[in-house]
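Okay, final34.txt now, which holds compact mmCIF, C-alpha atoms:
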# COMPACT_ATOMS: atom_id res chain seq x y z
CA MET A 137 0.00 0.00 0.00
CA THR A 138 1.46 3.32 -1.01
CA GLY A 139 0.64 6.86 0.03
CA ASP A 140 -0.46 9.64 -2.25
CA THR A 141 -0.93 13.37 -2.18
CA LYS A 142 -3.64 15.05 -0.15
CA THR A 143 -7.02 14.50 -1.76
CA THR A 144 -9.84 17.01 -1.60
CA PRO A 145 -13.17 15.29 -2.24
CA GLU A 146 -15.17 16.78 -5.10
CA ILE A 147 -18.39 16.37 -3.14
CA THR A 148 -18.87 15.64 0.54
CA PRO A 149 -22.56 14.82 1.00
CA PRO A 150 -24.24 15.85 4.24
CA GLY A 151 -25.09 12.89 6.42
CA PRO A 152 -28.49 12.04 7.89
CA PRO A 153 -29.49 13.33 11.33
CA LEU A 154 -29.16 11.08 14.36
CA PRO A 155 -32.24 8.90 14.86
CA THR A 156 -34.78 9.45 17.59
CA LEU A 157 -34.44 6.31 19.68
CA ARG A 158 -37.42 4.69 21.33
CA LYS A 159 -37.63 4.81 25.11
CA ASP A 160 -36.65 1.19 25.60
CA GLY A 161 -33.61 1.54 23.33
CA ALA A 162 -32.21 1.01 19.85
CA ARG A 163 -32.86 -1.84 17.42
CA LEU A 164 -29.74 -3.15 15.65
CA LEU A 165 -29.36 -5.51 12.67
CA ALA A 166 -26.27 -7.56 11.66
CA LEU A 167 -26.02 -9.30 8.28
CA ASP A 168 -23.37 -11.98 7.67
CA GLY A 169 -21.36 -12.34 4.50
CA GLY A 170 -21.75 -15.43 2.37
CA GLY A 171 -21.78 -14.67 -1.34
CA VAL A 172 -24.88 -15.88 -3.16
CA LYS A 173 -26.08 -17.50 0.09
CA GLY A 174 -27.27 -14.08 1.24
CA VAL A 175 -30.61 -15.05 -0.28
CA SER A 176 -31.23 -17.02 2.92
CA SER A 177 -30.82 -14.04 5.26
CA ILE A 178 -33.12 -11.89 3.11
CA LEU A 179 -35.84 -14.56 3.27
CA ILE A 180 -35.59 -14.75 7.06
CA LEU A 181 -35.75 -10.97 7.38
CA ASP A 182 -38.74 -10.92 5.03
CA ALA A 183 -40.54 -13.38 7.32
CA ILE A 184 -39.86 -11.09 10.28
CA MET A 185 -41.16 -8.03 8.44
CA GLU A 186 -44.27 -9.96 7.37
CA LYS A 187 -44.92 -10.74 11.04
CA VAL A 188 -44.42 -7.06 11.88
CA ARG A 189 -47.02 -6.17 9.25
CA GLU A 190 -49.42 -8.73 10.71
CA LEU A 191 -48.95 -7.42 14.26
CA GLU A 192 -49.63 -3.88 13.07
CA GLY A 193 -52.87 -4.80 11.34
CA GLY A 194 -51.79 -5.48 7.77
CA GLY A 195 -51.57 -2.93 4.99
CA VAL A 196 -48.44 -2.11 3.02
CA ALA A 197 -45.18 -4.01 3.36
CA ARG A 198 -43.00 -2.88 6.25
CA LYS A 199 -39.42 -1.88 5.48
CA PRO A 200 -36.52 -2.78 7.78
CA ALA A 201 -35.19 0.79 7.51
CA ASP A 202 -38.27 2.00 9.42
CA TYR A 203 -37.69 -0.38 12.34
CA PHE A 204 -33.94 -0.74 12.85
CA ASP A 205 -31.85 2.23 14.00
CA LEU A 206 -28.52 0.87 12.75
CA ALA A 207 -27.54 -1.97 10.42
CA ALA A 208 -24.17 -3.58 9.72
CA GLY A 209 -23.26 -5.90 6.89
CA THR A 210 -20.20 -7.67 5.56
CA SER A 211 -19.64 -8.54 1.91
CA THR A 212 -22.98 -9.81 0.64
CA GLY A 213 -24.50 -8.63 3.93
CA GLY A 214 -23.07 -5.19 3.23
CA LEU A 215 -24.79 -5.13 -0.16
CA ILE A 216 -28.07 -6.17 1.48
CA ALA A 217 -27.71 -3.44 4.13
CA LEU A 218 -27.01 -0.97 1.32
CA MET A 219 -30.19 -1.92 -0.51
CA LEU A 220 -32.40 -1.91 2.58
CA PHE A 221 -31.10 1.16 4.42
CA ARG A 222 -29.34 3.39 1.90
CA LEU A 223 -31.69 2.69 -1.03
CA HIS A 224 -34.80 2.10 1.14
CA MET A 225 -35.93 -1.18 -0.44
CA SER A 226 -38.49 -3.54 1.02
CA THR A 227 -37.32 -7.08 1.70
CA LYS A 228 -39.21 -8.39 -1.33
CA GLN A 229 -37.61 -5.78 -3.59
CA CYS A 230 -34.23 -6.61 -2.08
CA LEU A 231 -34.71 -10.33 -2.71
CA GLN A 232 -35.36 -9.87 -6.42
CA VAL A 233 -32.58 -7.32 -6.91
CA TYR A 234 -30.18 -9.55 -4.97
CA LYS A 235 -30.87 -12.52 -7.22
CA ASP A 236 -30.22 -10.37 -10.28
CA LEU A 237 -26.99 -9.06 -8.75
CA ALA A 238 -25.74 -12.53 -7.85
CA SER A 239 -26.27 -13.89 -11.35
CA ALA A 240 -24.57 -10.85 -12.90
CA ILE A 241 -21.57 -10.90 -10.56
CA PHE A 242 -20.93 -14.64 -10.34
CA ALA A 243 -21.74 -15.82 -13.84
CA PRO A 244 -18.53 -17.62 -14.96
CA ARG A 245 -16.55 -15.66 -17.53
CA PHE A 246 -13.34 -16.46 -19.34
CA LEU A 247 -11.46 -13.70 -21.18
CA GLY A 248 -14.55 -11.56 -20.58
CA SER A 249 -16.89 -14.02 -22.32
CA ARG A 250 -19.85 -15.64 -20.54
CA PHE A 251 -20.03 -18.18 -23.38
CA LEU A 252 -16.45 -19.33 -22.79
CA GLY A 253 -17.05 -19.18 -19.06
CA SER A 254 -20.05 -21.50 -19.32
CA LEU A 255 -18.06 -23.95 -21.43
CA LEU A 256 -15.06 -24.08 -19.10
CA GLY A 257 -17.00 -23.84 -15.82
CA LYS A 258 -14.91 -24.12 -12.64
CA VAL A 259 -11.79 -24.95 -14.63
CA GLY A 260 -12.07 -21.55 -16.30
CA LEU A 261 -12.44 -19.89 -12.90
CA LEU A 262 -9.29 -21.56 -11.64
CA ILE A 263 -7.42 -20.38 -14.74
CA ASN A 264 -8.76 -16.87 -14.11
CA ALA A 265 -7.46 -17.03 -10.55
CA TRP A 266 -4.05 -18.18 -11.77
CA ARG A 267 -3.89 -15.48 -14.47
CA THR A 268 -5.34 -12.49 -12.61
CA GLY A 269 -5.44 -13.46 -8.92
CA ALA A 270 -9.27 -13.62 -8.86
CA GLU A 271 -11.89 -15.97 -10.29
CA PHE A 272 -14.26 -13.10 -11.13
CA ALA A 273 -13.64 -9.66 -12.63
CA LYS A 274 -14.66 -6.47 -10.83
CA GLY A 275 -16.42 -4.95 -13.87
CA PRO A 276 -19.69 -6.93 -13.70
CA LEU A 277 -20.09 -6.13 -9.99
CA GLU A 278 -19.48 -2.42 -10.56
CA LYS A 279 -21.94 -2.25 -13.46
CA ALA A 280 -24.59 -4.23 -11.61
CA ILE A 281 -24.36 -2.07 -8.47
CA GLN A 282 -24.45 1.18 -10.45
CA LYS A 283 -27.55 -0.02 -12.30
CA VAL A 284 -29.32 -0.67 -8.99
CA VAL A 285 -28.26 2.73 -7.62
CA ASP A 286 -29.60 4.48 -10.72
CA GLU A 287 -32.89 2.61 -10.56
CA TYR A 288 -33.54 3.25 -6.86
CA SER A 289 -32.40 6.89 -6.69
CA VAL A 290 -34.29 10.11 -7.32
CA LYS A 291 -33.50 11.58 -10.71
CA GLY A 292 -31.31 14.67 -10.40
CA ASP A 293 -30.14 13.83 -6.87
CA PRO A 294 -26.57 15.23 -6.69
CA TYR A 295 -25.66 12.73 -3.96
CA LYS A 296 -27.16 9.58 -5.48
CA ASP A 297 -23.81 7.88 -6.18
CA TYR A 298 -22.40 8.47 -2.69
CA LEU A 299 -22.66 6.14 0.28
CA VAL A 300 -23.20 9.04 2.70
CA HIS A 301 -26.59 10.59 1.99
CA PRO A 302 -28.80 13.01 3.96
CA GLU A 303 -31.87 10.77 3.55
CA SER A 304 -30.16 7.44 4.22
CA LYS A 305 -30.95 5.39 7.27
CA MET A 306 -27.89 4.49 9.31
CA MET A 307 -25.89 1.49 8.04
CA PHE A 308 -22.30 0.52 7.44
CA MET A 309 -20.34 -2.08 5.50
CA CYS A 310 -17.30 -3.82 6.95
CA ALA A 311 -14.10 -3.92 4.90
CA THR A 312 -10.60 -5.04 5.83
CA LEU A 313 -7.50 -2.92 5.44
CA ALA A 314 -5.17 -5.08 3.36
CA GLU A 315 -1.84 -5.97 4.96
CA LYS A 316 -2.63 -4.07 8.19
CA GLY A 317 -5.50 -6.30 9.31
CA GLU A 318 -7.69 -3.46 10.59
CA SER A 319 -11.47 -3.37 10.28
CA ILE A 320 -12.72 -0.36 8.33
CA LEU A 321 -16.37 0.70 8.54
CA LEU A 322 -17.80 2.37 5.44
CA ARG A 323 -20.81 4.34 6.65
CA SER A 324 -23.91 5.85 5.04
CA TYR A 325 -23.64 8.64 7.61
CA THR A 326 -20.85 11.04 8.50
CA GLN A 327 -18.02 9.27 10.29
CA PRO A 328 -17.88 10.38 13.95
CA GLU A 329 -14.70 12.20 14.95
CA ASP A 330 -13.77 9.55 17.51
CA ALA A 331 -14.20 6.67 15.02
CA LYS A 332 -11.19 7.33 12.81
CA PRO A 333 -9.07 4.32 11.80
CA ILE A 334 -5.82 3.64 13.64
CA SER A 335 -3.62 2.83 10.62
CA HIS A 336 -1.85 5.87 9.18
CA LEU A 337 -3.10 6.19 5.60
CA PRO A 338 -6.83 5.56 6.17
CA ARG A 339 -6.67 7.82 9.23
CA GLU A 340 -5.10 10.53 7.07
CA LYS A 341 -7.87 10.12 4.49
CA SER A 342 -10.47 10.31 7.25
CA GLU A 343 -8.98 13.56 8.52
CA GLU A 344 -9.11 14.96 4.99
CA GLY A 345 -12.82 14.10 4.83
CA CYS A 346 -12.42 11.63 1.97
CA VAL A 347 -14.08 8.79 3.85
CA ASN A 348 -17.36 10.72 3.76
CA SER A 349 -17.19 11.04 -0.02
CA ILE A 350 -16.72 7.39 -0.98
CA LYS A 351 -19.09 6.30 -3.70
CA ILE A 352 -21.46 3.37 -3.37
CA VAL A 353 -19.74 1.34 -6.08
CA GLN A 354 -16.35 1.78 -4.39
CA ALA A 355 -17.72 0.81 -0.98
CA ALA A 356 -19.52 -2.20 -2.44
CA ARG A 357 -16.29 -3.35 -4.06
CA ALA A 358 -14.36 -2.87 -0.82
CA THR A 359 -16.70 -4.91 1.36
CA SER A 360 -16.91 -7.75 -1.16
CA ALA A 361 -13.29 -8.05 -2.36
CA ALA A 362 -12.95 -11.64 -1.19
CA PRO A 363 -9.44 -13.01 -1.84
CA ILE A 364 -9.38 -15.39 -4.82
CA TYR A 365 -13.00 -14.58 -5.69
CA LEU A 366 -12.76 -10.85 -6.50
CA PRO A 367 -9.79 -8.48 -6.80
CA ALA A 368 -8.89 -6.07 -4.00
CA GLU A 369 -10.29 -2.54 -4.17
CA THR A 370 -7.92 0.43 -4.02
CA TRP A 371 -9.44 3.79 -3.09
CA ASN A 372 -7.34 6.92 -2.53
CA GLY A 373 -4.26 4.74 -2.13
CA VAL A 374 -5.92 2.51 0.48
CA GLU A 375 -6.25 -1.17 -0.44
CA PHE A 376 -9.24 -3.09 0.87
CA TRP A 377 -10.07 -6.76 1.18
CA ASP A 378 -13.46 -8.27 1.91
CA GLY A 379 -14.76 -7.47 5.39
CA GLY A 380 -15.24 -11.20 5.94
CA VAL A 381 -11.52 -11.65 6.49
CA LEU A 382 -12.07 -10.27 10.01
CA ASN A 383 -15.81 -9.78 10.45
CA ASN A 384 -17.88 -12.15 8.34
CA ASN A 385 -20.38 -11.93 11.17
CA PRO A 386 -20.29 -8.18 11.94
CA ILE A 387 -22.05 -8.43 15.31
CA GLU A 388 -19.04 -7.18 17.30
CA GLN A 389 -18.51 -4.19 15.01
CA LEU A 390 -22.23 -3.40 15.22
CA TRP A 391 -22.23 -3.49 19.01
CA ASN A 392 -19.20 -1.20 19.17
CA ALA A 393 -20.81 1.18 16.66
CA ARG A 394 -23.87 1.75 18.86
CA TYR A 395 -22.08 4.90 20.02
CA ASP A 396 -22.73 6.32 16.52
CA LEU A 397 -26.41 6.63 17.44
CA VAL A 398 -25.77 9.47 19.89
CA GLY A 399 -23.54 12.54 20.03
CA GLN A 400 -19.88 12.13 20.91
CA HIS A 401 -20.26 13.38 24.49
CA ALA A 402 -23.57 11.64 25.21
CA ALA A 403 -23.98 8.56 27.38
CA PRO A 404 -23.92 5.24 25.49
CA PRO A 405 -27.35 4.47 24.06
CA LYS A 406 -29.51 1.75 25.50
CA VAL A 407 -30.04 -1.20 23.15
CA ALA A 408 -33.36 -3.04 23.25
CA CYS A 409 -32.98 -5.59 20.48
CA MET A 410 -30.25 -7.08 18.29
CA LEU A 411 -30.97 -9.32 15.32
CA SER A 412 -28.14 -11.27 13.67
CA LEU A 413 -28.82 -13.10 10.40
CA GLY A 414 -26.61 -15.77 8.86
CA CYS A 415 -26.45 -17.14 5.33
CA GLY A 416 -26.58 -20.81 6.29
CA TRP A 417 -23.98 -23.16 7.73
CA SER A 418 -22.98 -26.72 6.93
CA LYS A 419 -21.11 -29.56 8.64
CA SER A 420 -19.66 -30.81 5.36
CA LYS A 421 -15.99 -30.54 4.44
CA PRO A 422 -14.67 -28.60 1.41
CA THR A 423 -14.64 -30.42 -1.92
CA LEU A 424 -11.39 -31.59 -3.49
CA LEU A 425 -11.63 -28.72 -5.98
CA ASN A 426 -12.00 -26.15 -3.21
CA ARG A 427 -9.08 -27.69 -1.32
CA ALA A 428 -7.02 -27.31 -4.49
CA LYS A 429 -7.31 -23.54 -4.29
CA ASN A 430 -4.33 -21.70 -2.93
CA VAL A 431 -3.42 -21.02 0.68
CA ILE A 432 -4.95 -17.54 0.71
CA SER A 433 -8.32 -18.94 -0.32
CA ARG A 434 -8.28 -21.64 2.37
CA TYR A 435 -7.15 -19.09 4.96
CA PHE A 436 -9.97 -16.74 3.97
CA GLU A 437 -12.61 -19.46 3.91
CA SER A 438 -11.67 -20.48 7.45
CA PHE A 439 -12.74 -17.01 8.57
CA MET A 440 -15.88 -17.17 6.44
CA ALA A 441 -16.96 -20.33 8.27
CA ASN A 442 -16.45 -18.70 11.66
CA THR A 443 -19.72 -16.76 11.87
CA GLU A 444 -21.20 -19.07 14.50
CA ALA A 445 -18.16 -18.57 16.73
CA LYS A 446 -18.80 -14.80 16.65
CA HIS A 447 -22.43 -15.52 17.53
CA ARG A 448 -21.48 -17.63 20.54
CA ASP A 449 -19.04 -14.98 21.73
CA PHE A 450 -21.71 -12.29 21.56
CA LYS A 451 -24.34 -14.49 23.18
CA ARG A 452 -21.95 -14.97 26.11
CA LEU A 453 -21.54 -11.18 26.32
CA VAL A 454 -25.32 -10.72 26.48
CA GLN A 455 -25.45 -13.39 29.19
CA ARG A 456 -22.85 -11.51 31.24
CA MET A 457 -24.66 -8.18 30.78
CA GLU A 458 -27.81 -9.76 32.18
CA GLY A 459 -25.95 -10.99 35.25
CA ARG A 460 -24.31 -7.62 35.87
CA ASN A 461 -27.34 -5.46 35.03
CA ASP A 462 -25.42 -3.83 32.15
CA GLN A 463 -27.87 -2.23 29.70
CA ASN A 464 -30.39 -2.93 32.49
CA GLY A 465 -30.03 -6.59 31.52
CA GLU A 466 -32.69 -6.08 28.86
CA VAL A 467 -30.97 -6.63 25.49
CA LYS A 468 -33.02 -9.09 23.45
CA TYR A 469 -30.66 -10.97 21.14
CA PHE A 470 -31.81 -13.10 18.21
CA ARG A 471 -29.62 -15.19 15.92
CA LEU A 472 -31.19 -16.94 12.93
CA ASN A 473 -29.04 -19.03 10.59
CA VAL A 474 -30.33 -22.02 8.64
CA ALA A 475 -28.45 -25.30 9.08
CA THR A 476 -28.00 -27.11 5.77
CA GLY A 477 -26.78 -30.38 7.31
CA ASP A 478 -24.23 -32.16 5.16
CA LYS A 479 -25.16 -30.08 2.12
CA SER A 480 -22.47 -27.51 1.29
CA PHE A 481 -23.20 -24.53 -0.95
CA ASP A 482 -20.52 -22.71 -2.92
CA MET A 483 -20.75 -19.01 -2.08
CA ALA A 484 -19.99 -18.12 -5.71
CA ASP A 485 -22.42 -20.53 -7.43
CA TYR A 486 -25.52 -18.48 -8.20
CA THR A 487 -27.36 -21.57 -9.51
CA ILE A 488 -27.83 -22.90 -5.96
CA MET A 489 -30.04 -20.01 -4.79
CA ASP A 490 -33.36 -21.74 -5.53
CA GLN A 491 -32.28 -24.81 -3.59
CA LEU A 492 -31.10 -22.74 -0.62
CA GLU A 493 -34.32 -20.73 -0.76
CA ALA A 494 -36.36 -23.94 -0.44
CA ILE A 495 -34.28 -25.10 2.55
CA THR A 496 -34.66 -21.68 4.19
CA ARG A 497 -38.44 -21.65 3.77
CA VAL A 498 -38.64 -25.02 5.54
CA TYR A 499 -36.43 -23.59 8.33
CA ILE A 500 -38.71 -20.55 8.67
CA GLY A 501 -41.68 -22.87 9.14
CA GLU A 502 -40.15 -24.79 12.05
CA GLU A 503 -41.96 -24.19 15.35
CA GLU A 504 -38.89 -23.05 17.30
CA ILE A 505 -37.86 -20.66 14.52
CA ARG A 506 -41.40 -19.29 14.19
CA GLN A 507 -41.32 -18.49 17.90
CA GLN A 508 -38.07 -16.55 17.49
CA ILE A 509 -39.42 -14.71 14.44
CA ASP A 510 -42.59 -13.78 16.33
CA ALA A 511 -40.62 -12.63 19.38
CA CYS A 512 -38.27 -10.51 17.27
CA ALA A 513 -41.18 -8.93 15.38
CA THR A 514 -42.86 -8.13 18.69
CA GLU A 515 -39.73 -6.32 19.87
CA LEU A 516 -39.61 -4.31 16.63
CA THR A 517 -43.20 -3.12 17.03
CA ARG A 518 -42.79 -1.83 20.57
CA LYS A 519 -43.19 1.95 20.70

How does the structure come out when it is put into structure tokens?
Amino acid sequence: MTGDTKTTPEITPPGPPLPTLRKDGARLLALDGGGVKGVSSILILDAIMEKVRELEGGGVARKPADYFDLAAGTSTGGLIALMLFRLHMSTKQCLQVYKDLASAIFAPRFLGSRFLGSLLGKVGLLINAWRTGAEFAKGPLEKAIQKVVDEYSVKGDPYKDYLVHPESKMMFMCATLAEKGESILLRSYTQPEDAKPISHLPREKSEEGCVNSIKIVQAARATSAAPIYLPAETWNGVEFWDGGVLNNNPIEQLWNARYDLVGQHAAPPKVACMLSLGCGWSKSKPTLLNRAKNVISRYFESFMANTEAKHRDFKRLVQRMEGRNDQNGEVKYFRLNVATGDKSFDMADYTIMDQLEAITRVYIGEEEIRQQIDACATELTRK
């Protein structure tokens, strides 16, 4: 990573105002990374919002952005958070757009050709990785994200391409500072003064104000630049890897970012409810082809599979808060993540989404899961 000259952002959009928190505290949402498997977390969230609609007497679809005060997402979860909170989609809109995005981003290509990519299949992807360092090119992702931004933005909006926006609800995407191993949060709201990165170059860019002028496409690339799958993203001399390298389950970053909901000198906000959504987990071992990928890929995938460990760590924290009356011992924590048994799904194979959707719908219908969905929806509807 190399430095560069001081950069003055062309436009620094104003951020949204701080939310008015309900008396019993904030509602927070964490969205795991998982490539095309993000379809599962959207379906679970849709079931929760449908229950919210039912509890409130029906009518129009309820949007997550109207019920959660802060959302965090990593990689595919970051893209979902972007669609729901920055672009104000409903869960059903998000589901359809997500499917279109996944097929555009992860369709196999070889030498830029989808035809050659379909002929060569995974062999072509491995050759791509050997030739360029990544199985998939960044161009299709950038074009697909920009198309969505254009479609879901107000015509003539001077800030439409920027992640920070005065009408955005509060969300952030996790990225990883390459080589330094520091988590970087890319926010849809103005970065608080006390939240600057520790590493020199990104801290310098934060002090210049550049971090508040990052564009949506750049942020989307940064959060999803999974080693071997997609190339790293370089922005203002700062190189990013996928946020999943450190925070594939962003629950810890979300909890720490609760301070963003109040002014810098205010007391920490009370949190009433936290919802964490996974993309599915399996007990199966990697295939021979996946094991043949290089060391970086295996190293990265070990982090990607660690979302449940993050969940258990946070659940233990909630348990300790209850015993010590921290947060008044009243944080309601929900974790929903479909178990796929011995069936393993490739995070870059968009053709598996229908199958994972079917498994997730069965999961949503299970009695224990319905109880959690109902309880979470009840918390969201409290005034």

Self-check item: Residue neighbourhood segment 285-300 of chain A, 7 Å, all atoms listed in the file, exclusion window fewer than 6 positions, as a list in words
Solution: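 Listing them by chain and then by number gives Pro149, Gly151, Leu223, Arg323, Ser324, Tyr325, Thr326, Asn348, Ser349, Ile350, Lys351 and Ile352 of chain A.
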
Quiz item: Which one of A:Ala314, A:Met483, A:Ala393, A:Val398 sits closest to Trp371 of chain A if you count all atoms listed in the file?
Solution: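 Ranked by minimum distance to Trp371 of chain A, first place goes to A:Ala314.
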
Practice problem: Quick one: everything within 12 Å of Val467 of chain A, counting all atoms listed in the file, minus sequence neighbours fewer than 2 positions away in the same chain. Send it as a PyMOL selection string. | Solution: chain A and resi 160-164+391+405-411+450-451+453-459+461-465+469-470+512+515

Would you pick out the contacts of Ala358 of chain A at 7 Å or less, using all atoms listed in the file, so that residues sharing its chain but fewer than 3 positions from it are not included, and give the list as an mmCIF file with C-alpha atoms, in the coordinates of the input?
data_model
loop_
_atom_site.group_PDB
_atom_site.id
_atom_site.type_symbol
_atom_site.label_atom_id
_atom_site.label_comp_id
_atom_site.auth_asym_id
_atom_site.auth_seq_id
_atom_site.Cartn_x
_atom_site.Cartn_y
_atom_site.Cartn_z
ATOM 1 C CA ALA A 311 -14.100 -3.920 4.900
ATOM 2 C CA GLN A 354 -16.350 1.780 -4.390
ATOM 3 C CA ALA A 355 -17.720 0.810 -0.980
ATOM 4 C CA ALA A 361 -13.290 -8.050 -2.360
ATOM 5 C CA GLU A 369 -10.290 -2.540 -4.170
ATOM 6 C CA PHE A 376 -9.240 -3.090 0.870
ATOM 7 C CA TRP A 377 -10.070 -6.760 1.180
ATOM 8 C CA ASP A 378 -13.460 -8.270 1.910
#

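If you look at atom CA of Gln507 of chain A and atom CA of Gly171 of chain A, they are 27.7 Å away from each other.
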
Quiz item: Restricting the calculation to all atoms listed in the file, which member of A:Pro200, A:Gly193, A:Gly170, A:Gly379 is positioned closest to Tyr486 of chain A?
Solution: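 So, comparing all the options, the nearest one is A:Gly170.
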
Exercise. Have a look at atom CA of Thr359 of chain A and atom CA of Pro153 of chain A and let me know their distance in Å, one decimal.
Key: 24.4 Å

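Coordinates place atom CA of Lys199 of chain A at a distance of 19.0 Å from atom CA of Gln508 of chain A.
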
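Of the listed residues (A:Met185, A:Ile334, A:Met489, A:Ala403), A:Met489 comes nearest to Ser239 of chain A; the distances count all atoms listed in the file.
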
Quiz item: Nearest to Leu231 of chain A among A:Val172, A:Ala208, A:Ile281, A:Leu191, with distances taken over all atoms listed in the file: which residue is it?
Solution: A:Val172

Quiz prompt | Nearest residue to Gly169 of chain A from the set A:Trp417, A:Phe204, A:Tyr395, A:Phe242 (distances using only C-alpha atoms) | solution = A:Trp417

Quiz item: Could you pull the residues within 9 Å of Tyr499 of chain A, counting all atoms listed in the file, minus those fewer than 3 positions along the same chain, as an MDAnalysis selection string?
Solution: chainID A and resid 180 473:475 494:496 502:503 505:506

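When only C-alpha atoms are used to measure the gap to Leu322 of chain A, the shortest distance among A:Ile147, A:Leu237, A:Leu215, A:Val498 belongs to A:Leu215.
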